[in-house]
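Student: Take a look at structure11.tsv, TSV, C-alpha atoms:
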chain	number	residue	atom	x	y	z
J	1295	MET	CA	-122.71	-31.19	-144.35
J	1296	ASP	CA	-121.10	-28.83	-146.86
J	1297	MET	CA	-122.36	-28.81	-150.44
J	1298	LEU	CA	-119.35	-30.65	-151.83
J	1299	SER	CA	-119.82	-33.45	-149.30
J	1300	GLY	CA	-123.49	-33.62	-150.17
J	1301	LEU	CA	-122.78	-33.81	-153.89
J	1302	LEU	CA	-120.13	-36.48	-153.55
J	1303	GLU	CA	-121.85	-38.54	-150.87
J	1304	GLY	CA	-123.88	-40.42	-153.47
J	1305	PRO	CA	-121.13	-42.26	-155.40
J	1306	LYS	CA	-120.96	-45.26	-153.10
J	1307	ALA	CA	-120.10	-48.37	-155.06
J	1308	ARG	CA	-122.00	-51.53	-154.21
J	1309	GLY	CA	-120.21	-54.48	-155.75
J	1310	ALA	CA	-118.76	-52.37	-158.55
J	1311	VAL	CA	-117.21	-54.18	-161.50
J	1312	LEU	CA	-113.46	-53.80	-161.00
J	1313	LEU	CA	-111.00	-55.27	-163.48
J	1314	LYS	CA	-107.35	-55.36	-164.34
J	1315	SER	CA	-107.09	-55.59	-168.13
J	1316	VAL	CA	-103.82	-56.70	-169.72
J	1317	PHE	CA	-103.04	-56.35	-173.43
J	1318	ASP	CA	-100.34	-56.47	-176.04
J	1319	PRO	CA	-100.86	-54.38	-179.18
J	1320	PRO	CA	-102.84	-54.24	-181.28
J	1321	TRP	CA	-105.86	-54.17	-178.97
J	1322	ALA	CA	-109.27	-52.53	-179.07
J	1323	VAL	CA	-112.26	-53.21	-176.82
J	1324	ARG	CA	-115.70	-51.75	-177.41
J	1325	ILE	CA	-117.73	-51.05	-174.25
J	1326	GLU	CA	-121.50	-51.24	-174.64
J	1327	ASP	CA	-122.39	-51.92	-171.00
J	1328	ARG	CA	-124.51	-48.75	-170.68
J	1329	ALA	CA	-123.04	-48.13	-167.22
J	1330	PRO	CA	-123.70	-44.63	-165.86
J	1331	LEU	CA	-120.12	-44.09	-164.76
J	1332	THR	CA	-116.75	-45.77	-165.27
J	1333	VAL	CA	-113.37	-44.81	-163.82
J	1334	MET	CA	-110.18	-46.04	-165.46
J	1335	THR	CA	-106.44	-45.52	-165.26
J	1336	MET	CA	-103.41	-46.87	-167.10
J	1337	VAL	CA	-100.85	-48.36	-164.73
J	1338	ARG	CA	-98.60	-49.45	-167.58
J	1339	GLY	CA	-98.43	-48.16	-171.12
J	1340	GLU	CA	-100.97	-45.80	-172.62
J	1341	GLY	CA	-104.32	-46.11	-174.33
J	1342	TRP	CA	-106.89	-44.17	-176.26
J	1343	LEU	CA	-110.50	-43.61	-175.31
J	1344	LEU	CA	-112.78	-43.12	-178.30
J	1345	PRO	CA	-116.30	-41.99	-177.38
J	1346	ASP	CA	-118.92	-42.45	-180.06
J	1347	GLY	CA	-119.31	-39.13	-181.84
J	1348	GLY	CA	-116.44	-37.55	-179.88
J	1349	GLU	CA	-112.76	-36.90	-180.31
J	1350	PRO	CA	-110.18	-39.53	-179.30
J	1351	VAL	CA	-108.69	-38.90	-175.86
J	1352	ARG	CA	-105.24	-40.15	-174.92
J	1353	ILE	CA	-104.82	-41.75	-171.48
J	1354	ALA	CA	-101.20	-41.63	-170.37
J	1355	PRO	CA	-99.75	-43.72	-167.53
J	1356	GLY	CA	-101.17	-42.51	-164.23
J	1357	ASP	CA	-103.96	-40.45	-165.80
J	1358	VAL	CA	-107.47	-41.11	-164.50
J	1359	ALA	CA	-110.40	-40.98	-166.91
J	1360	VAL	CA	-114.04	-40.75	-165.88
J	1361	VAL	CA	-116.52	-41.78	-168.57
J	1362	ARG	CA	-120.16	-40.77	-168.30
J	1363	GLY	CA	-122.59	-43.29	-169.75
J	1364	PRO	CA	-124.69	-44.74	-171.09
J	1365	ASP	CA	-123.32	-44.18	-174.60
J	1366	PRO	CA	-120.80	-46.75	-175.88
J	1367	TYR	CA	-117.11	-46.09	-176.37
J	1368	THR	CA	-113.95	-47.90	-177.42
J	1369	LEU	CA	-110.63	-48.39	-175.66
J	1370	ALA	CA	-107.63	-49.09	-177.87
J	1371	ASP	CA	-103.87	-48.90	-178.20
J	1372	GLU	CA	-104.29	-46.56	-181.17
J	1373	PRO	CA	-107.34	-44.68	-182.54
J	1374	GLY	CA	-107.29	-46.68	-185.78
J	1375	THR	CA	-107.11	-50.18	-184.32
J	1376	PRO	CA	-110.15	-52.28	-185.35
J	1377	VAL	CA	-112.40	-53.46	-182.53
J	1378	GLN	CA	-111.60	-57.02	-181.46
J	1379	ILE	CA	-113.80	-57.56	-178.40
J	1380	THR	CA	-117.18	-56.13	-177.37
J	1381	VAL	CA	-118.52	-55.98	-173.81
J	1382	ASP	CA	-122.32	-55.83	-173.62
J	1383	ALA	CA	-124.76	-54.63	-170.99
J	1384	GLU	CA	-124.50	-57.91	-169.06
J	1385	GLN	CA	-120.69	-57.74	-169.05
J	1386	ASN	CA	-120.54	-60.54	-171.60
J	1387	CYS	CA	-117.53	-60.50	-173.92
J	1388	SER	CA	-117.58	-61.55	-177.56
J	1389	LEU	CA	-115.41	-61.34	-180.65
J	1390	GLN	CA	-116.56	-59.42	-183.71
J	1391	ASP	CA	-117.88	-62.61	-185.30
J	1392	GLY	CA	-120.05	-63.22	-182.23
J	1393	THR	CA	-117.85	-65.85	-180.62
J	1394	ASP	CA	-118.36	-65.91	-176.84
J	1395	VAL	CA	-115.05	-65.40	-175.03
J	1396	ASN	CA	-116.41	-65.27	-171.49
J	1397	GLY	CA	-113.91	-67.04	-169.28
J	1398	THR	CA	-111.42	-67.77	-172.03
J	1399	MET	CA	-109.53	-64.53	-171.38
J	1400	ASP	CA	-109.48	-64.82	-167.60
J	1401	LEU	CA	-106.02	-64.38	-166.12
J	1402	GLY	CA	-106.86	-64.68	-162.45
J	1403	VAL	CA	-108.96	-62.86	-159.86
J	1404	ARG	CA	-110.55	-59.77	-161.52
J	1405	THR	CA	-107.90	-59.96	-164.24
J	1406	TRP	CA	-108.38	-60.62	-167.93
J	1407	GLY	CA	-106.79	-59.87	-171.27
J	1408	THR	CA	-104.61	-61.25	-174.02
J	1409	THR	CA	-101.40	-61.85	-172.10
J	1410	VAL	CA	-100.14	-62.31	-168.57
J	1411	PRO	CA	-99.60	-59.17	-166.45
J	1412	GLU	CA	-95.86	-59.75	-166.19
J	1413	SER	CA	-95.37	-59.31	-169.92
J	1414	GLY	CA	-98.31	-57.14	-171.00
J	1415	SER	CA	-97.33	-53.80	-172.50
J	1416	ALA	CA	-100.61	-52.20	-171.39
J	1417	ILE	CA	-102.32	-52.66	-168.04
J	1418	MET	CA	-105.54	-50.81	-167.30
J	1419	LEU	CA	-107.54	-50.67	-164.09
J	1420	SER	CA	-111.24	-49.95	-164.44
J	1421	GLY	CA	-114.12	-49.62	-162.03
J	1422	THR	CA	-117.73	-49.47	-163.20
J	1423	TYR	CA	-120.64	-48.07	-161.21
J	1424	THR	CA	-123.73	-49.94	-162.34
J	1425	GLU	CA	-126.41	-47.82	-160.61
J	1426	PRO	CA	-126.26	-44.02	-160.19
J	1427	SER	CA	-127.59	-42.36	-157.06
J	1428	GLU	CA	-129.70	-39.23	-157.33
J	1429	VAL	CA	-126.67	-37.07	-156.59
J	1430	GLY	CA	-124.94	-39.10	-159.26
J	1431	ARG	CA	-127.65	-38.27	-161.76
J	1432	ARG	CA	-127.36	-34.57	-161.09
J	1433	LEU	CA	-123.57	-34.63	-161.11
J	1434	LEU	CA	-123.47	-36.86	-164.17
J	1435	GLY	CA	-125.70	-34.43	-165.99
J	1436	ALA	CA	-123.06	-31.75	-165.53
J	1437	LEU	CA	-120.02	-33.87	-166.36
J	1438	PRO	CA	-118.50	-33.98	-169.81
J	1439	THR	CA	-118.69	-37.32	-171.60
J	1440	VAL	CA	-115.02	-37.90	-170.84
J	1441	LEU	CA	-113.13	-36.26	-168.00
J	1442	VAL	CA	-109.38	-36.93	-167.76
J	1443	ARG	CA	-107.31	-35.93	-164.77
J	1444	PRO	CA	-103.57	-35.87	-165.54
J	1445	ALA	CA	-101.28	-38.07	-163.47
J	1446	ALA	CA	-99.73	-35.02	-161.81
J	1447	GLY	CA	-103.09	-34.21	-160.22
J	1448	VAL	CA	-103.94	-37.73	-159.05
J	1449	ASP	CA	-103.06	-39.56	-155.86
J	1450	ALA	CA	-100.55	-42.12	-157.17
J	1451	THR	CA	-100.52	-43.92	-153.82
J	1452	LEU	CA	-104.25	-44.58	-154.11
J	1453	ILE	CA	-103.84	-45.96	-157.63
J	1454	GLY	CA	-101.01	-48.19	-156.46
J	1455	LEU	CA	-103.16	-49.49	-153.62
J	1456	LEU	CA	-106.04	-50.20	-155.97
J	1457	ALA	CA	-103.67	-52.00	-158.35
J	1458	SER	CA	-102.38	-54.22	-155.58
J	1459	GLU	CA	-105.81	-54.95	-154.12
J	1460	VAL	CA	-107.79	-55.62	-157.31
J	1461	SER	CA	-106.37	-59.13	-157.81
J	1462	ARG	CA	-106.61	-60.20	-154.19
J	1463	ASP	CA	-109.30	-62.59	-153.01
J	1464	GLU	CA	-109.67	-61.91	-149.28
J	1465	PRO	CA	-112.72	-61.70	-146.99
J	1466	GLY	CA	-114.41	-58.34	-147.48
J	1467	GLN	CA	-112.38	-57.63	-150.61
J	1468	ASP	CA	-115.33	-56.30	-152.59
J	1469	LEU	CA	-115.98	-53.70	-149.91
J	1470	VAL	CA	-112.31	-52.67	-149.86
J	1471	LEU	CA	-112.31	-52.22	-153.63
J	1472	ASP	CA	-115.59	-50.30	-153.61
J	1473	ARG	CA	-114.24	-47.79	-151.14
J	1474	LEU	CA	-110.93	-47.38	-152.98
J	1475	LEU	CA	-112.86	-46.75	-156.18
J	1476	ASP	CA	-115.02	-44.17	-154.40
J	1477	LEU	CA	-111.94	-42.36	-153.11
J	1478	LEU	CA	-110.36	-42.27	-156.55
J	1479	LEU	CA	-113.54	-40.94	-158.15
J	1480	ILE	CA	-114.16	-38.35	-155.44
J	1481	GLY	CA	-110.61	-37.05	-155.77
J	1482	VAL	CA	-111.06	-36.53	-159.50
J	1483	LEU	CA	-114.49	-34.92	-159.15
J	1484	ARG	CA	-113.37	-32.65	-156.32
J	1485	ALA	CA	-110.48	-31.38	-158.43
J	1486	TRP	CA	-112.78	-30.90	-161.42
J	1487	LEU	CA	-115.35	-28.96	-159.41
J	1488	ALA	CA	-112.65	-26.76	-157.89
J	1489	ASP	CA	-111.16	-25.84	-161.27
J	1490	PRO	CA	-112.51	-22.40	-162.29
J	1491	GLY	CA	-112.36	-23.31	-165.96
J	1492	SER	CA	-113.92	-26.75	-165.66
J	1493	GLY	CA	-117.46	-25.71	-166.47
J	1494	ALA	CA	-118.76	-26.89	-163.10
J	1495	PRO	CA	-122.55	-26.43	-162.79
J	1496	GLY	CA	-124.11	-23.32	-161.34
J	1497	TRP	CA	-125.67	-25.14	-158.40
J	1498	TYR	CA	-122.15	-26.04	-157.27
J	1499	ARG	CA	-120.58	-22.65	-157.97
J	1500	ALA	CA	-123.34	-21.12	-155.86
J	1501	GLN	CA	-121.49	-22.00	-152.66
J	1502	SER	CA	-118.89	-19.32	-153.36
J	1503	ASP	CA	-121.52	-16.63	-153.93
J	1504	PRO	CA	-121.97	-14.54	-150.75
J	1505	VAL	CA	-125.73	-14.32	-151.21
J	1506	VAL	CA	-126.81	-17.45	-153.06
J	1507	GLY	CA	-124.34	-19.63	-151.20
J	1508	ARG	CA	-125.92	-18.65	-147.90
J	1509	ALA	CA	-129.41	-19.34	-149.25
J	1510	VAL	CA	-128.45	-22.77	-150.57
J	1511	ARG	CA	-126.84	-23.72	-147.28
J	1512	LEU	CA	-130.00	-22.73	-145.42
J	1513	LEU	CA	-132.08	-24.96	-147.69
J	1514	HIS	CA	-129.75	-27.90	-147.22
J	1515	GLU	CA	-129.56	-27.48	-143.46
J	1516	ASN	CA	-133.34	-27.61	-143.03
J	1517	PRO	CA	-135.14	-28.70	-146.22
J	1518	ALA	CA	-138.34	-29.56	-144.31
J	1519	HIS	CA	-138.80	-25.96	-143.16
J	1520	GLY	CA	-141.55	-24.00	-144.87
J	1521	TRP	CA	-139.18	-21.74	-146.74
J	1522	THR	CA	-140.35	-18.79	-148.78
J	1523	VAL	CA	-138.28	-16.55	-150.98
J	1524	ALA	CA	-139.07	-13.68	-148.64
J	1525	GLU	CA	-137.68	-15.53	-145.62
J	1526	LEU	CA	-134.57	-16.61	-147.50
J	1527	ALA	CA	-134.03	-13.04	-148.63
J	1528	ARG	CA	-134.38	-11.74	-145.09
J	1529	LYS	CA	-131.85	-14.24	-143.76
J	1530	THR	CA	-129.38	-13.47	-146.54
J	1531	GLY	CA	-129.73	-9.71	-146.18
J	1532	VAL	CA	-131.09	-8.81	-149.62
J	1533	SER	CA	-134.46	-8.03	-151.10
J	1534	ARG	CA	-136.80	-10.75	-152.30
J	1535	ALA	CA	-136.48	-9.65	-155.91
J	1536	ALA	CA	-132.69	-9.47	-155.68
J	1537	LEU	CA	-132.41	-12.97	-154.24
J	1538	ALA	CA	-134.80	-14.49	-156.76
J	1539	ARG	CA	-132.93	-12.89	-159.66
J	1540	ARG	CA	-129.46	-13.74	-158.38
J	1541	PHE	CA	-130.40	-17.29	-157.40
J	1542	ALA	CA	-131.80	-18.02	-160.85
J	1543	ASP	CA	-128.75	-16.49	-162.54
J	1544	VAL	CA	-126.25	-18.50	-160.49
J	1545	VAL	CA	-128.05	-21.80	-159.96
J	1546	GLY	CA	-130.15	-21.92	-163.10
J	1547	GLU	CA	-133.54	-22.28	-161.41
J	1548	PRO	CA	-135.60	-20.35	-158.81
J	1549	PRO	CA	-135.05	-20.98	-155.09
J	1550	ILE	CA	-138.32	-22.84	-154.50
J	1551	ALA	CA	-137.79	-25.04	-157.57
J	1552	TYR	CA	-134.39	-25.95	-156.17
J	1553	LEU	CA	-135.93	-26.68	-152.78
J	1554	THR	CA	-138.56	-28.90	-154.37
J	1555	GLY	CA	-135.88	-30.90	-156.15
J	1556	LEU	CA	-133.96	-31.30	-152.92
J	1557	ARG	CA	-137.05	-32.43	-151.01
J	1558	LEU	CA	-138.07	-34.95	-153.66
J	1559	ALA	CA	-134.57	-36.39	-153.82
J	1560	LEU	CA	-134.57	-36.81	-150.05
J	1561	ALA	CA	-138.01	-38.40	-150.30
J	1562	ALA	CA	-136.73	-40.86	-152.91
J	1563	ASP	CA	-133.93	-41.81	-150.53
J	1564	LEU	CA	-136.31	-42.29	-147.60
J	1565	LEU	CA	-138.69	-44.37	-149.72
J	1566	ARG	CA	-135.95	-46.98	-149.94
J	1567	GLU	CA	-136.47	-47.70	-146.26
J	1568	PRO	CA	-138.80	-50.74	-146.04
J	1569	ASP	CA	-140.79	-49.47	-143.06
J	1570	ALA	CA	-141.26	-45.90	-144.25
J	1571	THR	CA	-144.74	-44.80	-145.31
J	1572	VAL	CA	-145.45	-42.05	-147.79
J	1573	ALA	CA	-147.04	-40.04	-144.99
J	1574	THR	CA	-143.99	-40.23	-142.71
J	1575	VAL	CA	-141.66	-39.44	-145.60
J	1576	ALA	CA	-143.83	-36.45	-146.52
J	1577	ARG	CA	-143.55	-35.00	-143.01
J	1578	ARG	CA	-139.78	-35.54	-142.90
J	1579	VAL	CA	-139.14	-33.64	-146.13
J	1580	GLY	CA	-141.56	-30.75	-145.60
J	1581	TYR	CA	-144.87	-31.80	-147.17
J	1582	GLY	CA	-148.03	-31.57	-145.11
J	1583	SER	CA	-149.55	-34.83	-146.28
J	1584	ALA	CA	-148.95	-37.97	-148.30
J	1585	PHE	CA	-151.22	-36.54	-150.99
J	1586	ALA	CA	-149.13	-33.36	-151.28
J	1587	LEU	CA	-145.91	-35.33	-151.62
J	1588	SER	CA	-147.46	-37.76	-154.10
J	1589	THR	CA	-148.74	-34.92	-156.25
J	1590	ALA	CA	-145.36	-33.16	-156.39
J	1591	PHE	CA	-143.45	-36.42	-156.84
J	1592	LYS	CA	-145.60	-37.53	-159.76
J	1593	ARG	CA	-145.56	-34.10	-161.40
J	1594	VAL	CA	-141.77	-33.86	-161.35
J	1595	ARG	CA	-140.74	-37.51	-161.69
J	1596	GLY	CA	-143.60	-38.88	-163.72
J	1597	LEU	CA	-144.63	-41.61	-161.25
J	1598	SER	CA	-146.09	-41.85	-157.78
J	1599	PRO	CA	-143.97	-42.56	-154.69
J	1600	GLN	CA	-145.51	-46.03	-154.43
J	1601	HIS	CA	-144.73	-46.80	-158.07
J	1602	PHE	CA	-141.21	-45.47	-157.58
J	1603	ARG	CA	-140.73	-47.80	-154.63
J	1604	THR	CA	-141.86	-50.87	-156.59
J	1605	GLN	CA	-139.32	-50.08	-159.31
J	1606	LEU	CA	-136.31	-49.91	-156.98
J	1607	PRO	CA	-133.76	-52.51	-158.19
J	1608	ALA	CA	-132.52	-53.43	-154.73
J	1609	ALA	CA	-132.46	-52.22	-151.16
J	1610	THR	CA	-128.70	-51.85	-151.34
J	1611	ASP	CA	-128.68	-49.23	-154.10
J	1612	PRO	CA	-126.78	-46.02	-153.29
J	1613	PRO	CA	-128.65	-43.35	-151.32
J	1614	THR	CA	-130.37	-40.38	-152.86
J	1615	THR	CA	-129.32	-36.94	-151.66
J	1616	LEU	CA	-130.09	-34.32	-154.25
J	1617	GLY	CA	-132.31	-33.80	-157.26
J	1618	THR	CA	-133.99	-31.17	-159.36
J	1619	GLY	CA	-137.61	-30.27	-159.66
J	1620	GLU	CA	-140.14	-27.50	-159.74
J	1621	ARG	CA	-143.07	-26.57	-157.63
Here is the file; what I need is its structure written in the form of structure tokens.

Tutor:
Amino acid sequence: MDMLSGLLEGPKARGAVLLKSVFDPPWAVRIEDRAPLTVMTMVRGEGWLLPDGGEPVRIAPGDVAVVRGPDPYTLADEPGTPVQITVDAEQNCSLQDGTDVNGTMDLGVRTWGTTVPESGSAIMLSGTYTEPSEVGRRLLGALPTVLVRPAAGVDATLIGLLASEVSRDEPGQDLVLDRLLDLLLIGVLRAWLADPGSGAPGWYRAQSDPVVGRAVRLLHENPAHGWTVAELARKTGVSRAALARRFADVVGEPPIAYLTGLRLALAADLLREPDATVATVARRVGYGSAFALSTAFKRVRGLSPQHFRTQLPAATDPPTTLGTGER
């Protein structure tokens, strides 16, 4: 698996909150759901995204915006429009005076707003990921608070398909919508990572480096191997000191620290399997014993593997594929 596939494998929606929102001006909705990631696009009209403490961002028709949580933000027809509705962490909607409007603004399947879709001047599609994967956490840490991809760089066919499917109520519809949302997000993130001026993180840019890229690929291909910096240097054709220096400069951490993060992220993924023991997980990710894995896991993540397992929200959460850490 190439690094890009590994990075983007994690965003796999599981019953994501998908909505078609329909408004006539003036409109302003404050989002306080604390979701780790939300994807949105305007299919009719335009809107403004106002992150708390950030500059207003215009979303034109066909643009796709990715918002990194958990900080709140506001969506509005104009930056100065007063907030009318607030969405909380449980997806409950209320007016500014506290009046509960859950259900009163429903316009059909996954559709809500202030007017019917046929006449609404603004129609927005949004998809909210409620639980980040480990790759999501690492990728989210590198993303700006708001990332907007212009319509010219977005697959309009995919947006059209999502728009037509979001209001349907067919068997398996949630799964269809989850996968469409994943494709839309991955397209935006892939374009962002490929843009030289995007500020993509060093651990992603490493793949284009002739030395560090080779070393990173070796680690990903066999993370359970007992890698040393000397062996990595030998296989990449440079000295140990040169590899260590270049790896830290490009990736932002030493090779073995990166390997530890990768192993612990894989361990976190494997710990989601009901029948897996800490000992078997330890062997699969390159630790000699359950004690060795537990010690590293607790040092880096602040809790033991067993405690981590008891805190898992559900067995259907997205898989873990990459993390950071230090040995």

Student: With distances taken over only C-alpha atoms, which residue among J:Pro1350, J:Leu1313, J:Arg1484, J:Phe1602 lies nearest Asp1563 of chain J?

Tutor: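 Result for the nearest residue to Asp1563 of chain J: J:Phe1602.
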
Student: Could the centre and edge lengths of an axis-aligned box, enclosing all atoms of segment 1455-1460 of chain J in the file with 3 Å extra on each side, be given in Å to one decimal as lines of an AutoDock Vina configuration file?

Tutor:
center_x = -105.1
center_y = -52.6
center_z = -156.0
size_x = 11.4
size_y = 12.1
size_z = 10.7

Student: Hey, which of J:Arg1499, J:Arg1362, J:Arg1557, J:Arg1473 ends up closest to Arg1308 of chain J? Count only C-alpha atoms.

Tutor: J:Arg1473

Student: For Leu1478 of chain J, work out the shell of residues within 7 Å, counting all atoms listed in the file and skipping chain neighbours fewer than 4 positions away, then give it as a list in words.

Tutor: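 Non-adjacent residues within range: Leu1452, Leu1474 and Val1482 of chain J.
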
Student: Would you please work out which residue, of J:Asp1357, J:Asp1468, J:Glu1349, J:Glu1547, is nearest to Ala1445 of chain J when using only C-alpha atoms?

Tutor: J:Asp1357

Student: For Ala1383 of chain J, which residue among J:Glu1326, J:Asp1365, J:Asp1449, J:Asp1400 is the nearest when counting all atoms listed in the file?

Tutor: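 Closest to Ala1383 of chain J, using all atoms listed in the file: J:Glu1326.
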
Student: Measuring between all atoms listed in the file, which one of J:Asp1476, J:Glu1412, J:Glu1425, J:Glu1525 shows the shortest distance to Phe1317 of chain J?

Tutor: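 Counting all atoms listed in the file, the residue closest to Phe1317 of chain J is J:Glu1412.
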
Student: Can you pull out every residue within 9 Å of Val1381 of chain J, counting only C-alpha atoms, but drop anything in the same chain fewer than 4 positions away, and send it as a ChimeraX atom specification?

Tutor: /J:1323-1327,1385-1388

Student: Can you tell me, as a list in words, what residues are no more than 7 Å from Val1337 of chain J when counting all atoms listed in the file, ignoring any on the same chain fewer than 2 positions away?

Tutor: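 Skipping anything fewer than 2 positions along the chain leaves Thr1335, Gly1339, Pro1355, Gly1356, Ile1417 and Met1418 of chain J.
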